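Structure file model-v4.pdb; described as PDB, C-alpha atoms.
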ATOM      1  CA  MET A   1      57.121  76.523  -5.219
ATOM      2  CA  PRO A   2      56.744  78.970  -2.332
ATOM      3  CA  ALA A   3      59.382  81.604  -1.689
ATOM      4  CA  PRO A   4      62.025  80.762   0.936
ATOM      5  CA  LEU A   5      61.320  82.091   4.406
ATOM      6  CA  TYR A   6      64.262  84.495   4.287
ATOM      7  CA  GLN A   7      62.816  86.053   1.121
ATOM      8  CA  VAL A   8      59.394  86.466   2.728
ATOM      9  CA  LYS A   9      61.045  88.101   5.757
ATOM     10  CA  ALA A  10      63.034  90.436   3.503
ATOM     11  CA  ASP A  11      59.822  91.395   1.705
ATOM     12  CA  LEU A  12      58.167  92.214   5.033
ATOM     13  CA  PHE A  13      61.071  94.417   6.122
ATOM     14  CA  ARG A  14      61.130  96.091   2.708
ATOM     15  CA  THR A  15      57.442  96.915   3.142
ATOM     16  CA  LEU A  16      58.189  98.358   6.567
ATOM     17  CA  GLY A  17      61.141 100.320   5.175
ATOM     18  CA  HIS A  18      59.383 103.671   4.821
ATOM     19  CA  PRO A  19      59.323 106.245   7.635
ATOM     20  CA  LEU A  20      55.662 107.107   7.123
ATOM     21  CA  ARG A  21      54.626 103.458   7.269
ATOM     22  CA  ILE A  22      56.552 103.016  10.508
ATOM     23  CA  ARG A  23      54.864 106.100  11.952
ATOM     24  CA  VAL A  24      51.441 104.715  10.988
ATOM     25  CA  LEU A  25      52.246 101.449  12.763
ATOM     26  CA  GLU A  26      53.418 103.347  15.838
ATOM     27  CA  LEU A  27      50.141 105.256  15.945
ATOM     28  CA  LEU A  28      48.087 102.090  15.453
ATOM     29  CA  GLN A  29      49.823 100.444  18.429
ATOM     30  CA  ARG A  30      47.401 102.433  20.610
ATOM     31  CA  GLY A  31      44.460 100.863  18.814
ATOM     32  CA  PRO A  32      42.381 101.327  15.674
ATOM     33  CA  LEU A  33      42.208 104.830  14.229
ATOM     34  CA  PRO A  34      40.086 106.452  11.560
ATOM     35  CA  VAL A  35      41.885 107.918   8.570
ATOM     36  CA  ARG A  36      40.977 111.462   9.668
ATOM     37  CA  ASP A  37      42.858 110.954  12.972
ATOM     38  CA  LEU A  38      45.883 109.545  11.152
ATOM     39  CA  LEU A  39      45.876 112.603   8.879
ATOM     40  CA  VAL A  40      45.826 114.955  11.870
ATOM     41  CA  GLU A  41      48.643 113.093  13.625
ATOM     42  CA  LEU A  42      50.819 112.784  10.524
ATOM     43  CA  ASP A  43      50.117 116.198   8.980
ATOM     44  CA  ILE A  44      50.423 114.917   5.392
ATOM     45  CA  GLU A  45      48.307 114.970   2.263
ATOM     46  CA  ALA A  46      45.460 112.471   2.163
ATOM     47  CA  SER A  47      46.730 111.030  -1.126
ATOM     48  CA  ASN A  48      50.146 110.289   0.396
ATOM     49  CA  LEU A  49      48.599 108.565   3.402
ATOM     50  CA  SER A  50      46.258 106.616   1.137
ATOM     51  CA  GLN A  51      49.195 105.276  -0.889
ATOM     52  CA  GLN A  52      51.092 104.171   2.201
ATOM     53  CA  LEU A  53      48.026 102.566   3.785
ATOM     54  CA  ALA A  54      47.389 100.682   0.542
ATOM     55  CA  VAL A  55      50.909  99.230   0.666
ATOM     56  CA  LEU A  56      50.406  98.135   4.278
ATOM     57  CA  ARG A  57      46.947  96.730   3.504
ATOM     58  CA  ARG A  58      48.153  94.728   0.471
ATOM     59  CA  ALA A  59      50.911  93.227   2.624
ATOM     60  CA  GLY A  60      48.367  92.228   5.275
ATOM     61  CA  ILE A  61      49.996  94.435   7.891
ATOM     62  CA  VAL A  62      46.892  96.535   8.546
ATOM     63  CA  ASN A  63      43.173  95.916   8.203
ATOM     64  CA  ALA A  64      40.577  98.470   7.168
ATOM     65  CA  THR A  65      36.950  98.502   8.225
ATOM     66  CA  ARG A  66      34.276 100.894   7.108
ATOM     67  CA  ASP A  67      31.855 102.504   9.536
ATOM     68  CA  GLY A  68      29.549 104.527   7.312
ATOM     69  CA  ALA A  69      31.754 107.088   5.585
ATOM     70  CA  THR A  70      34.614 106.509   8.032
ATOM     71  CA  VAL A  71      37.444 104.082   7.307
ATOM     72  CA  VAL A  72      39.197 102.762  10.406
ATOM     73  CA  TYR A  73      42.615 101.100  10.296
ATOM     74  CA  ALA A  74      44.072  98.621  12.771
ATOM     75  CA  LEU A  75      47.124  96.404  13.019
ATOM     76  CA  SER A  76      46.345  92.972  11.612
ATOM     77  CA  THR A  77      48.033  91.259  14.570
ATOM     78  CA  PRO A  78      49.279  92.408  17.995
ATOM     79  CA  ASP A  79      52.651  90.927  17.027
ATOM     80  CA  LEU A  80      53.229  94.043  14.894
ATOM     81  CA  ALA A  81      52.964  96.219  17.997
ATOM     82  CA  ASP A  82      55.460  93.879  19.671
ATOM     83  CA  LEU A  83      57.760  94.307  16.661
ATOM     84  CA  MET A  84      57.618  98.104  17.025
ATOM     85  CA  VAL A  85      58.475  97.813  20.738
ATOM     86  CA  ALA A  86      61.307  95.362  20.010
ATOM     87  CA  THR A  87      62.655  97.704  17.342
ATOM     88  CA  ARG A  88      62.773 100.561  19.848
ATOM     89  CA  ARG A  89      64.702  98.359  22.301
ATOM     90  CA  ILE A  90      67.156  97.256  19.607
ATOM     91  CA  LEU A  91      67.755 100.844  18.497
ATOM     92  CA  ALA A  92      68.197 102.002  22.084
ATOM     93  CA  ASN A  93      70.862  99.341  22.591
ATOM     94  CA  LEU A  94      72.606 100.150  19.308
ATOM     95  CA  LEU A  95      72.638 103.867  20.009
ATOM     96  CA  ALA A  96      73.833 103.339  23.574
ATOM     97  CA  ASP A  97      76.819 101.396  22.236
ATOM     98  CA  ARG A  98      77.577 104.218  19.817
ATOM     99  CA  ASP A  99      77.417 106.785  22.602
ATOM    100  CA  GLU A 100      79.935 104.775  24.618
ATOM    101  CA  LEU A 101      82.244 104.452  21.619
ATOM    102  CA  LEU A 102      81.903 108.148  20.806
ATOM    103  CA  ALA A 103      82.762 109.045  24.417
ATOM    104  CA  GLU A 104      85.865 106.851  24.187
ATOM    105  CA  LEU A 105      86.928 108.500  20.945
ATOM    106  CA  ARG A 106      86.505 111.975  22.421
ATOM    107  CA  ASP A 107      88.465 111.184  25.589
ATOM    108  CA  PRO A 108      92.007 112.464  24.941
ATOM    109  CA  ASP A 109      93.309 110.681  28.047
ATOM    110  CA  LYS A 110      92.133 107.263  26.897
ATOM    111  CA  PRO A 111      95.089 105.209  25.650
ATOM    112  CA  ILE A 112      94.842 103.743  22.178
ATOM    113  CA  PRO A 113      94.921  99.904  22.403
TER     114      PRO A 113
END
With the file now loaded, output its structure as structure tokens.
Amino acid sequence: MPAPLYQVKADLFRTLGHPLRIRVLELLQRGPLPVRDLLVELDIEASNLSQQLAVLRRAGIVNATRDGATVVYALSTPDLADLMVATRRILANLLADRDELLAELRDPDKPIP
């Protein structure tokens, strides 16, 4: 019996729940990149990047192609780039609400309801 959809979604978000993996996806939004370019952008050890790319690859989130000795990674679907953009919008809205609340809390002249 297949897993319920909510479980599959939770697994996807769990896979995405690492800052380095998110950064890789953000970089790949621009288009496919070779591992060497990812290493330069991320400034991390190759073994660490390799582990994180393997997690993303096993989950089907990224694809790897080999061009001679060069391995190039790309998002498996443009929908992942859309997800990164949507996440930025959601966070911007959440943080904007917090800023408004924080401003209210700091305003000594604001009456307490």
Discussion item. Show me, as a PyMOL selection string, the residues that have an atom within 9 Å of Gly31 (chain A) when counting all atoms listed in the file, minus same-chain residues fewer than 3 positions from it.
Written reply: chain A and resi 27-28+73-75
Keeping only C-alpha atoms, write the selected residues as a PDB file, in the coordinates of the input.
ATOM      1  CA  LEU A  27      50.141 105.256  15.945  1.00  0.00           C
ATOM      2  CA  LEU A  28      48.087 102.090  15.453  1.00  0.00           C
ATOM      3  CA  TYR A  73      42.615 101.100  10.296  1.00  0.00           C
ATOM      4  CA  ALA A  74      44.072  98.621  12.771  1.00  0.00           C
ATOM      5  CA  LEU A  75      47.124  96.404  13.019  1.00  0.00           C
TER       6      LEU A  75
END
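Coordinates place CA of Thr70 (chain A) at a distance of 6.5 Å from CA of Pro34 (chain A).
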If you count all atoms listed in the file, which residues fall within 10 Å of region 7-14 of chain A, apart from same-chain ones fewer than 5 positions away, as a PDB file with C-alpha atoms, in the coordinates of the input?
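Generated output (result.pdb):
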ATOM      1  CA  PRO A   2      56.744  78.970  -2.332  1.00  0.00           C
ATOM      2  CA  LEU A  56      50.406  98.135   4.278  1.00  0.00           C
ATOM      3  CA  ALA A  59      50.911  93.227   2.624  1.00  0.00           C
ATOM      4  CA  GLY A  60      48.367  92.228   5.275  1.00  0.00           C
ATOM      5  CA  ILE A  61      49.996  94.435   7.891  1.00  0.00           C
TER       6      ILE A  61
END
Worksheet entry | Near-Val35 (chain A) list (10 Å; all atoms listed in the file; drop same-chain fewer than 2 positions) as a list in words |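 The filter keeps Pro32, Leu33, Asp37, Leu38, Leu39, Val40, Glu41, Ala46, Leu49, Ser50, Leu53, Ala64, Thr70, Val71, Val72 and Tyr73 of chain A.
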Worksheet entry | Coordinates-based distance that separates CA of Val62 (chain A) from CA of Thr77 (chain A) (Å, one decimal) |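 Pair CA of Thr77 (chain A) / CA of Val62 (chain A) returns 8.1 Å.
Remark: for Val24 (chain A), the closest of the candidate residues A:Ala96, A:Met1, A:Ile44, A:Leu101 is A:Ile44 (distances computed over all atoms listed in the file).
Comparing the minimum interatomic distances between Leu42 (chain A) and each of A:Glu104, A:Arg58, A:Ala92, A:Arg23, counting all atoms listed in the file, we find that A:Arg23 sits nearest.
Note that CA of Val85 (chain A) and CA of Ile22 (chain A) are 11.6 Å apart.
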Practice prompt. Starting from the displayed file, determine the output of the PyMOL selection byres ((chain A and resi 81) around 9) and express the residue list as a ChimeraX atom specification.
Written response: /A:25-26,28-30,75,77-80,82-86
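Between Gln52 (chain A) and the candidates A:Asp97, A:Ile90, A:Leu105, A:His18, the tightest atom-to-atom separation, counting all atoms listed in the file, involves A:His18.
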Rebuild N, CA, C and O atoms on region 67-84 of chain A, as a PDB file, in the coordinates of the input?
ATOM      1  N   ASP A  67      32.973 102.199   8.645  1.00  0.00           N
ATOM      2  CA  ASP A  67      31.855 102.504   9.536  1.00  0.00           C
ATOM      3  C   ASP A  67      31.143 103.712   8.933  1.00  0.00           C
ATOM      4  O   ASP A  67      31.513 104.854   9.205  1.00  0.00           O
ATOM      5  N   GLY A  68      30.192 103.445   8.057  1.00  0.00           N
ATOM      6  CA  GLY A  68      29.549 104.527   7.312  1.00  0.00           C
ATOM      7  C   GLY A  68      30.553 105.116   6.335  1.00  0.00           C
ATOM      8  O   GLY A  68      31.134 104.398   5.531  1.00  0.00           O
ATOM      9  N   ALA A  69      30.795 106.422   6.460  1.00  0.00           N
ATOM     10  CA  ALA A  69      31.754 107.088   5.585  1.00  0.00           C
ATOM     11  C   ALA A  69      33.170 107.060   6.155  1.00  0.00           C
ATOM     12  O   ALA A  69      34.114 107.515   5.514  1.00  0.00           O
ATOM     13  N   THR A  70      33.317 106.511   7.346  1.00  0.00           N
ATOM     14  CA  THR A  70      34.614 106.509   8.032  1.00  0.00           C
ATOM     15  C   THR A  70      35.328 105.183   7.820  1.00  0.00           C
ATOM     16  O   THR A  70      34.748 104.115   8.011  1.00  0.00           O
ATOM     17  N   VAL A  71      36.604 105.274   7.435  1.00  0.00           N
ATOM     18  CA  VAL A  71      37.444 104.082   7.307  1.00  0.00           C
ATOM     19  C   VAL A  71      38.385 104.049   8.502  1.00  0.00           C
ATOM     20  O   VAL A  71      39.074 105.041   8.791  1.00  0.00           O
ATOM     21  N   VAL A  72      38.381 102.926   9.200  1.00  0.00           N
ATOM     22  CA  VAL A  72      39.197 102.762  10.406  1.00  0.00           C
ATOM     23  C   VAL A  72      40.255 101.706  10.131  1.00  0.00           C
ATOM     24  O   VAL A  72      39.953 100.629   9.606  1.00  0.00           O
ATOM     25  N   TYR A  73      41.497 102.027  10.485  1.00  0.00           N
ATOM     26  CA  TYR A  73      42.615 101.100  10.296  1.00  0.00           C
ATOM     27  C   TYR A  73      43.080 100.546  11.629  1.00  0.00           C
ATOM     28  O   TYR A  73      43.031 101.233  12.655  1.00  0.00           O
ATOM     29  N   ALA A  74      43.539  99.296  11.584  1.00  0.00           N
ATOM     30  CA  ALA A  74      44.072  98.621  12.771  1.00  0.00           C
ATOM     31  C   ALA A  74      45.201  97.698  12.341  1.00  0.00           C
ATOM     32  O   ALA A  74      45.263  97.274  11.183  1.00  0.00           O
ATOM     33  N   LEU A  75      46.088  97.402  13.275  1.00  0.00           N
ATOM     34  CA  LEU A  75      47.124  96.404  13.019  1.00  0.00           C
ATOM     35  C   LEU A  75      46.456  95.053  12.816  1.00  0.00           C
ATOM     36  O   LEU A  75      45.485  94.725  13.516  1.00  0.00           O
ATOM     37  N   SER A  76      46.959  94.268  11.897  1.00  0.00           N
ATOM     38  CA  SER A  76      46.345  92.972  11.612  1.00  0.00           C
ATOM     39  C   SER A  76      46.633  91.941  12.700  1.00  0.00           C
ATOM     40  O   SER A  76      45.908  90.964  12.841  1.00  0.00           O
ATOM     41  N   THR A  77      47.684  92.167  13.476  1.00  0.00           N
ATOM     42  CA  THR A  77      48.033  91.259  14.570  1.00  0.00           C
ATOM     43  C   THR A  77      48.769  92.055  15.652  1.00  0.00           C
ATOM     44  O   THR A  77      49.547  92.967  15.339  1.00  0.00           O
ATOM     45  N   PRO A  78      48.555  91.725  16.914  1.00  0.00           N
ATOM     46  CA  PRO A  78      49.279  92.408  17.995  1.00  0.00           C
ATOM     47  C   PRO A  78      50.790  92.203  17.907  1.00  0.00           C
ATOM     48  O   PRO A  78      51.563  92.968  18.478  1.00  0.00           O
ATOM     49  N   ASP A  79      51.214  91.172  17.188  1.00  0.00           N
ATOM     50  CA  ASP A  79      52.651  90.927  17.027  1.00  0.00           C
ATOM     51  C   ASP A  79      53.354  92.109  16.363  1.00  0.00           C
ATOM     52  O   ASP A  79      54.546  92.337  16.595  1.00  0.00           O
ATOM     53  N   LEU A  80      52.628  92.868  15.537  1.00  0.00           N
ATOM     54  CA  LEU A  80      53.229  94.043  14.894  1.00  0.00           C
ATOM     55  C   LEU A  80      53.540  95.127  15.921  1.00  0.00           C
ATOM     56  O   LEU A  80      54.567  95.790  15.823  1.00  0.00           O
ATOM     57  N   ALA A  81      52.676  95.274  16.911  1.00  0.00           N
ATOM     58  CA  ALA A  81      52.964  96.219  17.997  1.00  0.00           C
ATOM     59  C   ALA A  81      54.190  95.750  18.767  1.00  0.00           C
ATOM     60  O   ALA A  81      55.058  96.555  19.125  1.00  0.00           O
ATOM     61  N   ASP A  82      54.281  94.438  18.993  1.00  0.00           N
ATOM     62  CA  ASP A  82      55.460  93.879  19.671  1.00  0.00           C
ATOM     63  C   ASP A  82      56.728  94.144  18.860  1.00  0.00           C
ATOM     64  O   ASP A  82      57.781  94.438  19.420  1.00  0.00           O
ATOM     65  N   LEU A  83      56.613  94.041  17.532  1.00  0.00           N
ATOM     66  CA  LEU A  83      57.760  94.307  16.661  1.00  0.00           C
ATOM     67  C   LEU A  83      58.213  95.759  16.797  1.00  0.00           C
ATOM     68  O   LEU A  83      59.412  96.031  16.858  1.00  0.00           O
ATOM     69  N   MET A  84      57.260  96.684  16.869  1.00  0.00           N
ATOM     70  CA  MET A  84      57.618  98.104  17.025  1.00  0.00           C
ATOM     71  C   MET A  84      58.327  98.343  18.358  1.00  0.00           C
ATOM     72  O   MET A  84      59.301  99.084  18.431  1.00  0.00           O
TER      73      MET A  84
END
